[in-house]
>>> print(open('protein02.pdb').read())   # PDB, C-alpha atoms and all ligand atoms
ATOM      1  CA  MET R   1       8.506 -24.938 -15.955
ATOM      2  CA  ILE R   2       5.518 -22.872 -14.814
ATOM      3  CA  ASP R   3       3.253 -24.496 -12.202
ATOM      4  CA  ASP R   4      -0.449 -24.730 -12.930
ATOM      5  CA  ALA R   5      -2.496 -22.170 -11.022
ATOM      6  CA  SER R   6      -4.428 -23.661  -8.128
ATOM      7  CA  ASP R   7      -6.948 -22.263  -5.645
ATOM      8  CA  GLN R   8      -4.119 -21.928  -3.124
ATOM      9  CA  ASP R   9      -2.442 -19.371  -5.374
ATOM     10  CA  VAL R  10      -5.346 -16.907  -5.119
ATOM     11  CA  PRO R  11      -4.203 -13.886  -3.091
ATOM     12  CA  GLU R  12      -6.307 -12.204  -0.417
ATOM     13  CA  PHE R  13      -7.982  -9.283  -2.203
ATOM     14  CA  THR R  14      -9.857  -7.815   0.762
ATOM     15  CA  THR R  15      -6.753  -6.811   2.697
ATOM     16  CA  GLY R  16      -3.846  -4.644   1.638
ATOM     17  CA  PRO R  17      -3.947  -1.630  -0.664
ATOM     18  CA  ALA R  18      -6.755  -1.111  -3.155
ATOM     19  CA  ILE R  19      -4.088  -0.181  -5.699
ATOM     20  CA  ARG R  20      -0.295  -0.127  -5.759
ATOM     21  CA  THR R  21       1.839   1.444  -8.450
ATOM     22  CA  THR R  22       5.159   3.176  -9.051
ATOM     23  CA  ALA R  23       5.465   6.936  -9.576
ATOM     24  CA  MET R  24       7.000   7.434 -13.015
ATOM     25  CA  PRO R  25       8.764  10.386 -14.686
ATOM     26  CA  ALA R  26       5.684  10.936 -16.884
ATOM     27  CA  ASP R  27       3.653  11.710 -13.721
ATOM     28  CA  THR R  28       5.684  14.756 -12.658
ATOM     29  CA  ASN R  29       4.841  18.442 -12.469
ATOM     30  CA  PRO R  30       7.121  21.057 -14.074
ATOM     31  CA  SER R  31       9.311  21.062 -10.924
ATOM     32  CA  GLY R  32      10.036  17.350 -11.218
ATOM     33  CA  ASP R  33       7.954  16.138  -8.277
ATOM     34  CA  ILE R  34       4.874  13.985  -8.733
ATOM     35  CA  PHE R  35       1.832  15.949  -9.882
ATOM     36  CA  GLY R  36      -0.918  16.190  -7.254
ATOM     37  CA  GLY R  37      -3.582  15.525  -9.872
ATOM     38  CA  TRP R  38      -2.009  12.178 -10.714
ATOM     39  CA  LEU R  39      -2.023  11.207  -7.048
ATOM     40  CA  LEU R  40      -5.631  12.311  -6.662
ATOM     41  CA  ALA R  41      -6.547  10.156  -9.665
ATOM     42  CA  GLN R  42      -4.872   7.101  -8.075
ATOM     43  CA  MET R  43      -6.841   7.722  -4.879
ATOM     44  CA  ASP R  44     -10.074   8.063  -6.836
ATOM     45  CA  ILE R  45      -9.376   4.797  -8.679
ATOM     46  CA  ALA R  46      -8.639   3.041  -5.364
ATOM     47  CA  GLY R  47     -11.787   4.349  -3.663
ATOM     48  CA  GLY R  48     -13.848   3.687  -6.782
ATOM     49  CA  ASN R  49     -12.740   0.050  -6.902
ATOM     50  CA  VAL R  50     -13.801  -0.544  -3.305
ATOM     51  CA  ALA R  51     -17.056   1.389  -3.747
ATOM     52  CA  ALA R  52     -17.961  -0.508  -6.919
ATOM     53  CA  TYR R  53     -17.451  -3.861  -5.203
ATOM     54  CA  ARG R  54     -19.599  -2.745  -2.250
ATOM     55  CA  ALA R  55     -22.271  -1.294  -4.533
ATOM     56  CA  ARG R  56     -22.015  -4.337  -6.820
ATOM     57  CA  GLY R  57     -21.843  -2.221  -9.923
ATOM     58  CA  ARG R  58     -21.104   1.102 -11.462
ATOM     59  CA  VAL R  59     -20.394   4.120  -9.249
ATOM     60  CA  ALA R  60     -19.617   7.790  -9.868
ATOM     61  CA  THR R  61     -17.512  10.061  -7.684
ATOM     62  CA  VAL R  62     -19.772  12.765  -6.257
ATOM     63  CA  GLY R  63     -17.595  14.454  -3.615
ATOM     64  CA  ILE R  64     -14.089  14.687  -2.185
ATOM     65  CA  GLU R  65     -13.579  16.103   1.315
ATOM     66  CA  ALA R  66     -10.734  16.637   3.743
ATOM     67  CA  MET R  67      -8.140  16.138   1.018
ATOM     68  CA  THR R  68      -4.649  16.724   2.394
ATOM     69  CA  PHE R  69      -1.263  16.383   0.729
ATOM     70  CA  HIS R  70       1.115  15.786   3.655
ATOM     71  CA  GLN R  71       4.392  15.068   1.853
ATOM     72  CA  PRO R  72       5.710  15.204  -1.720
ATOM     73  CA  VAL R  73       5.862  12.036  -3.797
ATOM     74  CA  LEU R  74       9.054  11.449  -5.784
ATOM     75  CA  VAL R  75       9.790   9.590  -9.008
ATOM     76  CA  GLY R  76      10.424   5.931  -8.210
ATOM     77  CA  ASP R  77       8.319   5.876  -5.033
ATOM     78  CA  GLU R  78       6.174   2.790  -4.565
ATOM     79  CA  VAL R  79       2.693   4.266  -4.086
ATOM     80  CA  SER R  80      -0.033   2.356  -2.209
ATOM     81  CA  CYS R  81      -3.591   3.652  -1.815
ATOM     82  CA  TYR R  82      -5.652   2.131   0.989
ATOM     83  CA  ALA R  83      -9.433   2.501   0.876
ATOM     84  CA  VAL R  84     -11.692   1.838   3.864
ATOM     85  CA  ILE R  85     -15.481   2.137   3.798
ATOM     86  CA  GLN R  86     -16.643   4.692   6.374
ATOM     87  CA  ARG R  87     -20.356   4.739   5.699
ATOM     88  CA  VAL R  88     -22.895   3.175   3.373
ATOM     89  CA  GLY R  89     -25.921   5.377   2.730
ATOM     90  CA  ARG R  90     -29.033   4.757   0.668
ATOM     91  CA  THR R  91     -27.308   5.322  -2.685
ATOM     92  CA  SER R  92     -23.823   6.425  -1.634
ATOM     93  CA  VAL R  93     -20.652   4.883  -0.237
ATOM     94  CA  ARG R  94     -18.206   7.042   1.693
ATOM     95  CA  ILE R  95     -14.595   5.897   1.684
ATOM     96  CA  ARG R  96     -11.481   7.138   3.454
ATOM     97  CA  VAL R  97      -8.458   6.828   1.198
ATOM     98  CA  THR R  98      -4.906   7.145   2.488
ATOM     99  CA  THR R  99      -1.754   6.970   0.386
ATOM    100  CA  TRP R 100       1.568   5.682   1.638
ATOM    101  CA  VAL R 101       4.868   5.509  -0.202
ATOM    102  CA  ARG R 102       7.987   3.415   0.220
ATOM    103  CA  ARG R 103      11.170   5.025  -1.025
ATOM    104  CA  GLY R 104      14.561   3.512  -1.689
ATOM    105  CA  PHE R 105      13.519  -0.121  -1.150
ATOM    106  CA  CYS R 106      14.232  -0.384   2.583
ATOM    107  CA  SER R 107      12.707   2.713   4.137
ATOM    108  CA  GLU R 108       9.713   3.001   6.441
ATOM    109  CA  PRO R 109       6.399   3.830   4.735
ATOM    110  CA  ILE R 110       5.549   7.547   4.605
ATOM    111  CA  LYS R 111       1.940   8.755   4.682
ATOM    112  CA  VAL R 112       1.626  11.259   1.837
ATOM    113  CA  THR R 113      -2.091  11.963   1.389
ATOM    114  CA  GLU R 114      -5.534  11.335   2.807
ATOM    115  CA  GLY R 115      -9.047  12.223   1.824
ATOM    116  CA  VAL R 116     -12.663  11.154   2.030
ATOM    117  CA  PHE R 117     -14.298  10.203  -1.260
ATOM    118  CA  THR R 118     -18.030   9.709  -1.755
ATOM    119  CA  TYR R 119     -19.337   7.563  -4.587
ATOM    120  CA  VAL R 120     -22.918   7.198  -5.753
ATOM    121  CA  ALA R 121     -24.156   3.873  -7.096
ATOM    122  CA  ILE R 122     -25.655   4.543 -10.514
ATOM    123  CA  GLY R 123     -27.625   2.546 -13.027
ATOM    124  CA  PRO R 124     -27.367   2.395 -16.809
ATOM    125  CA  ASP R 125     -29.276   5.704 -16.957
ATOM    126  CA  ARG R 126     -26.553   7.309 -14.795
ATOM    127  CA  ARG R 127     -29.124   8.010 -12.063
ATOM    128  CA  PRO R 128     -28.617   6.965  -8.409
ATOM    129  CA  ARG R 129     -29.644   3.442  -7.438
ATOM    130  CA  VAL R 130     -29.953   1.873  -3.992
ATOM    131  CA  VAL R 131     -26.787   0.212  -2.654
ATOM    132  CA  PRO R 132     -27.669  -3.461  -2.020
ATOM    133  CA  SER R 133     -27.445  -4.728   1.545
ATOM    134  CA  GLU R 134     -24.444  -6.941   2.245
TER     135      GLU R 134
HETATM  136  C1  LIG R 201     -23.665  11.203  -8.959
HETATM  137  C2  LIG R 201     -24.994  11.817  -9.431
HETATM  138  C3  LIG R 201     -25.683  10.839 -10.358
HETATM  139  C4  LIG R 201     -25.850  12.008  -8.187
HETATM  140  O1  LIG R 201     -27.069  12.568  -8.602
HETATM  141  P1  LIG R 201     -27.883  13.509  -7.598
HETATM  142  O2  LIG R 201     -29.197  13.837  -8.223
HETATM  143  O3  LIG R 201     -26.995  14.605  -7.151
HETATM  144  O4  LIG R 201     -28.139  12.486  -6.410
HETATM  145  P2  LIG R 201     -28.779  12.754  -4.990
HETATM  146  O5  LIG R 201     -28.962  14.183  -4.669
HETATM  147  O6  LIG R 201     -29.975  11.829  -4.933
HETATM  148  O7  LIG R 201     -27.651  12.191  -3.996
HETATM  149  C5  LIG R 201     -27.252  10.843  -4.103
HETATM  150  C6  LIG R 201     -26.372  10.515  -2.903
HETATM  151  O8  LIG R 201     -25.159  11.248  -2.980
HETATM  152  C7  LIG R 201     -24.965  12.009  -1.796
HETATM  153  N1  LIG R 201     -24.304  13.252  -2.196
HETATM  154  C8  LIG R 201     -24.743  14.136  -3.119
HETATM  155  N2  LIG R 201     -23.851  15.135  -3.251
HETATM  156  C9  LIG R 201     -22.825  14.868  -2.398
HETATM  157  C10 LIG R 201     -21.599  15.507  -2.090
HETATM  158  N3  LIG R 201     -21.232  16.647  -2.667
HETATM  159  N4  LIG R 201     -20.790  14.937  -1.174
HETATM  160  C11 LIG R 201     -21.134  13.781  -0.571
HETATM  161  N5  LIG R 201     -22.287  13.108  -0.828
HETATM  162  C12 LIG R 201     -23.119  13.660  -1.735
HETATM  163  C13 LIG R 201     -26.344  12.211  -1.222
HETATM  164  O9  LIG R 201     -26.290  12.461   0.170
HETATM  165  C14 LIG R 201     -26.992  10.877  -1.558
HETATM  166  O10 LIG R 201     -26.535   9.889  -0.646
HETATM  167  P3  LIG R 201     -27.535   8.804   0.061
HETATM  168  O11 LIG R 201     -28.554   8.340  -0.962
HETATM  169  O12 LIG R 201     -26.649   7.667   0.478
HETATM  170  O13 LIG R 201     -28.177   9.499   1.210
HETATM  171  C15 LIG R 201     -24.798  13.178 -10.157
HETATM  172  O14 LIG R 201     -24.451  14.168  -9.189
HETATM  173  C16 LIG R 201     -23.696  13.090 -11.200
HETATM  174  O15 LIG R 201     -23.871  12.446 -12.239
HETATM  175  N6  LIG R 201     -22.553  13.717 -10.916
HETATM  176  C17 LIG R 201     -21.383  13.594 -11.785
HETATM  177  C18 LIG R 201     -20.595  12.343 -11.394
HETATM  178  C19 LIG R 201     -19.319  12.248 -12.190
HETATM  179  O16 LIG R 201     -19.328  12.403 -13.392
HETATM  180  N7  LIG R 201     -18.222  11.949 -11.477
HETATM  181  C20 LIG R 201     -16.924  11.872 -12.090
HETATM  182  C21 LIG R 201     -16.294  13.205 -12.114
HETATM  183  S1  LIG R 201     -15.367  13.417 -13.588
END
>>> encode(input="protein02.pdb", output="structure tokens")
Amino acid sequence: MIDDASDQDVPEFTTGPAIRTTAMPADTNPSGDIFGGWLLAQMDIAGGNVAAYRARGRVATVGIEAMTFHQPVLVGDEVSCYAVIQRVGRTSVRIRVTTWVRRGFCSEPIKVTEGVFTYVAIGPDRRPRVVPSE
């Protein structure tokens, strides 16, 4: 029997990774390792989620800085992207995203990428809007 959901079942969404997924064979480059563009997309999704919650609405990625790929990601790796707000400007939110993988179920996490993503809060007209105060 499945228990009814209660308030106590709600997980803590403000801690932990912004996204977690598993690297799949479809995400590889021609050499068989995970494609950097796929990883970059996961990081952008992670940062975008956090930025959108802070901006309370739609955001667009405007810049990516200091992007570094430290280690390869392999098929089967558990991939976790962490996103931390660095700065909130008038219309922009700057977020540091780091990616860690766990490999083989019992290994230590490995830091594989990091980068700084800037998102602009935009309105329905796709023009910048002011980020609300907290
Ligand atoms: C996002 C967009 C609406 C911003 O319009 P814009 O006229 O360039 O906006 P502004 O010059 O007023 O800058 C808006 C904010 O972004 C910041 N910004 C602009 N370019 C930046 C860059 N390259 N890196 C970091 N921040 C940047 C500005 O400093 C400003 O921040 P602030 O208001 O907090 O001080 C526009 O550039 C756009 O639509 N870009 C495409 C977005 C997109 O499609 N992203 C997905 C890629 S597929």
>>> atom_distance(input="protein02.pdb", atom1="atom P1 of ligand LIG 201 (chain R)", atom2="atom CA of R:Pro128")
6.6 Å
>>> closest_atom_pairs(input="protein02.pdb", of="chain R", to="ligand LIG 201 (chain R)", cutoff="10 Å", atoms="only C-alpha atoms and all ligand atoms", output="tab-separated table")
residue	atom	partner	partner_atom	distance
R:Asp44	CA	R:LIG201	C20	9.4
R:Val59	CA	R:LIG201	C1	7.8
R:Ala60	CA	R:LIG201	N7	4.7
R:Thr61	CA	R:LIG201	N7	4.3
R:Val62	CA	R:LIG201	C1	5.0
R:Gly63	CA	R:LIG201	N4	4.0
R:Ile64	CA	R:LIG201	N4	6.8
R:Glu65	CA	R:LIG201	N4	7.7
R:Arg87	CA	R:LIG201	O12	8.7
R:Val88	CA	R:LIG201	O12	6.5
R:Gly89	CA	R:LIG201	O12	3.3
R:Arg90	CA	R:LIG201	O12	3.8
R:Thr91	CA	R:LIG201	O11	3.7
R:Ser92	CA	R:LIG201	O12	3.7
R:Val93	CA	R:LIG201	O12	6.7
R:Arg94	CA	R:LIG201	C11	7.7
R:Val116	CA	R:LIG201	C11	9.2
R:Phe117	CA	R:LIG201	C11	7.7
R:Thr118	CA	R:LIG201	C11	5.3
R:Tyr119	CA	R:LIG201	O8	7.1
R:Val120	CA	R:LIG201	C1	5.2
R:Ala121	CA	R:LIG201	C1	7.6
R:Ile122	CA	R:LIG201	C3	6.3
R:Gly123	CA	R:LIG201	C3	8.9
R:Asp125	CA	R:LIG201	C3	9.1
R:Arg126	CA	R:LIG201	C3	5.7
R:Arg127	CA	R:LIG201	C3	4.8
R:Pro128	CA	R:LIG201	C3	5.2
R:Arg129	CA	R:LIG201	O11	8.2
R:Val130	CA	R:LIG201	O11	7.3
R:Val131	CA	R:LIG201	O12	8.1
>>> write_last_selection(input="protein02.pdb", atoms="C-alpha atoms", output="PDB file, in the coordinates of the input")
ATOM      1  CA  ASP R  44     -10.074   8.063  -6.836  1.00  0.00           C
ATOM      2  CA  VAL R  59     -20.394   4.120  -9.249  1.00  0.00           C
ATOM      3  CA  ALA R  60     -19.617   7.790  -9.868  1.00  0.00           C
ATOM      4  CA  THR R  61     -17.512  10.061  -7.684  1.00  0.00           C
ATOM      5  CA  VAL R  62     -19.772  12.765  -6.257  1.00  0.00           C
ATOM      6  CA  GLY R  63     -17.595  14.454  -3.615  1.00  0.00           C
ATOM      7  CA  ILE R  64     -14.089  14.687  -2.185  1.00  0.00           C
ATOM      8  CA  GLU R  65     -13.579  16.103   1.315  1.00  0.00           C
ATOM      9  CA  ARG R  87     -20.356   4.739   5.699  1.00  0.00           C
ATOM     10  CA  VAL R  88     -22.895   3.175   3.373  1.00  0.00           C
ATOM     11  CA  GLY R  89     -25.921   5.377   2.730  1.00  0.00           C
ATOM     12  CA  ARG R  90     -29.033   4.757   0.668  1.00  0.00           C
ATOM     13  CA  THR R  91     -27.308   5.322  -2.685  1.00  0.00           C
ATOM     14  CA  SER R  92     -23.823   6.425  -1.634  1.00  0.00           C
ATOM     15  CA  VAL R  93     -20.652   4.883  -0.237  1.00  0.00           C
ATOM     16  CA  ARG R  94     -18.206   7.042   1.693  1.00  0.00           C
ATOM     17  CA  VAL R 116     -12.663  11.154   2.030  1.00  0.00           C
ATOM     18  CA  PHE R 117     -14.298  10.203  -1.260  1.00  0.00           C
ATOM     19  CA  THR R 118     -18.030   9.709  -1.755  1.00  0.00           C
ATOM     20  CA  TYR R 119     -19.337   7.563  -4.587  1.00  0.00           C
ATOM     21  CA  VAL R 120     -22.918   7.198  -5.753  1.00  0.00           C
ATOM     22  CA  ALA R 121     -24.156   3.873  -7.096  1.00  0.00           C
ATOM     23  CA  ILE R 122     -25.655   4.543 -10.514  1.00  0.00           C
ATOM     24  CA  GLY R 123     -27.625   2.546 -13.027  1.00  0.00           C
ATOM     25  CA  ASP R 125     -29.276   5.704 -16.957  1.00  0.00           C
ATOM     26  CA  ARG R 126     -26.553   7.309 -14.795  1.00  0.00           C
ATOM     27  CA  ARG R 127     -29.124   8.010 -12.063  1.00  0.00           C
ATOM     28  CA  PRO R 128     -28.617   6.965  -8.409  1.00  0.00           C
ATOM     29  CA  ARG R 129     -29.644   3.442  -7.438  1.00  0.00           C
ATOM     30  CA  VAL R 130     -29.953   1.873  -3.992  1.00  0.00           C
ATOM     31  CA  VAL R 131     -26.787   0.212  -2.654  1.00  0.00           C
TER      32      VAL R 131
END
>>> residues_around(input="protein02.pdb", residues="R:Cys81", least_positions_apart="3", cutoff="6 Å", atoms="only C-alpha atoms", output="short mmCIF file (atom, residue, chain, number, x, y, z; two decimals) with C-alpha atoms, keeping the file's coordinate frame")
data_model
loop_
_atom_site.label_atom_id
_atom_site.label_comp_id
_atom_site.auth_asym_id
_atom_site.auth_seq_id
_atom_site.Cartn_x
_atom_site.Cartn_y
_atom_site.Cartn_z
CA PRO R 17 -3.95 -1.63 -0.66
CA ALA R 18 -6.76 -1.11 -3.16
CA ILE R 19 -4.09 -0.18 -5.70
CA THR R 98 -4.91 7.14 2.49
CA THR R 99 -1.75 6.97 0.39
#
>>> residues_around(input="protein02.pdb", residues="R:Leu74", least_positions_apart="3", cutoff="6 Å", atoms="only C-alpha atoms", output="list of chain:residue names")
R:Asp33, R:Ile34, R:Asp77
>>> resolve_selection(input="protein02.pdb", expression="the PyMOL selection byres (((chain R and resi 103) around 12) and not hetatm)", output="list of chain:residue names")
R:Thr22, R:Ala23, R:Pro72, R:Val73, R:Leu74, R:Val75, R:Gly76, R:Asp77, R:Glu78, R:Val79, R:Ser80, R:Trp100, R:Val101, R:Arg102, R:Gly104, R:Phe105, R:Cys106, R:Ser107, R:Glu108, R:Pro109, R:Ile110, R:Lys111, R:Val112
>>> write_last_selection(input="protein02.pdb", atoms="C-alpha atoms", output="PDB file, in the coordinates of the input")
ATOM      1  CA  THR R  22       5.159   3.176  -9.051  1.00  0.00           C
ATOM      2  CA  ALA R  23       5.465   6.936  -9.576  1.00  0.00           C
ATOM      3  CA  PRO R  72       5.710  15.204  -1.720  1.00  0.00           C
ATOM      4  CA  VAL R  73       5.862  12.036  -3.797  1.00  0.00           C
ATOM      5  CA  LEU R  74       9.054  11.449  -5.784  1.00  0.00           C
ATOM      6  CA  VAL R  75       9.790   9.590  -9.008  1.00  0.00           C
ATOM      7  CA  GLY R  76      10.424   5.931  -8.210  1.00  0.00           C
ATOM      8  CA  ASP R  77       8.319   5.876  -5.033  1.00  0.00           C
ATOM      9  CA  GLU R  78       6.174   2.790  -4.565  1.00  0.00           C
ATOM     10  CA  VAL R  79       2.693   4.266  -4.086  1.00  0.00           C
ATOM     11  CA  SER R  80      -0.033   2.356  -2.209  1.00  0.00           C
ATOM     12  CA  TRP R 100       1.568   5.682   1.638  1.00  0.00           C
ATOM     13  CA  VAL R 101       4.868   5.509  -0.202  1.00  0.00           C
ATOM     14  CA  ARG R 102       7.987   3.415   0.220  1.00  0.00           C
ATOM     15  CA  GLY R 104      14.561   3.512  -1.689  1.00  0.00           C
ATOM     16  CA  PHE R 105      13.519  -0.121  -1.150  1.00  0.00           C
ATOM     17  CA  CYS R 106      14.232  -0.384   2.583  1.00  0.00           C
ATOM     18  CA  SER R 107      12.707   2.713   4.137  1.00  0.00           C
ATOM     19  CA  GLU R 108       9.713   3.001   6.441  1.00  0.00           C
ATOM     20  CA  PRO R 109       6.399   3.830   4.735  1.00  0.00           C
ATOM     21  CA  ILE R 110       5.549   7.547   4.605  1.00  0.00           C
ATOM     22  CA  LYS R 111       1.940   8.755   4.682  1.00  0.00           C
ATOM     23  CA  VAL R 112       1.626  11.259   1.837  1.00  0.00           C
TER      24      VAL R 112
END
>>> closest_residue(input="protein02.pdb", among="R:Pro11, R:Asn29, R:Ile95, R:Pro132", to="R:Ala66", atoms="all atoms listed in the file")
R:Ile95
>>> atom_distance(input="protein02.pdb", atom1="atom CA of R:Gly48", atom2="atom CA of R:Thr15")
15.8 Å
>>> closest_residue(input="protein02.pdb", among="R:Thr68, R:Val10, R:Glu134, R:Pro30", to="R:Met43", atoms="only C-alpha atoms")
R:Thr68
>>> closest_residue(input="protein02.pdb", among="R:Gln86, R:Ser31, R:Pro25, R:Thr113", to="R:Arg54", atoms="all atoms listed in the file")
R:Gln86
>>> atom_distance(input="protein02.pdb", atom1="atom CA of R:Tyr82", atom2="atom CA of R:Gly16")
7.0 Å
>>> residues_around(input="protein02.pdb", residues="R:Val50", least_positions_apart="6", cutoff="8 Å", atoms="all atoms listed in the file", output="PyMOL selection string")
chain R and resi 18+83-85
>>> closest_residue(input="protein02.pdb", among="R:Gly37, R:Glu12, R:Pro124, R:Thr28", to="R:Met67", atoms="all atoms listed in the file")
R:Gly37
>>> closest_residue(input="protein02.pdb", among="R:Gly57, R:Gly32, R:Phe13, R:Val97", to="R:Ile45", atoms="only C-alpha atoms")
R:Val97
>>> closest_residue(input="protein02.pdb", among="R:His70, R:Arg20, R:Arg56, R:Arg96", to="R:Ser133", atoms="all atoms listed in the file")
R:Arg56
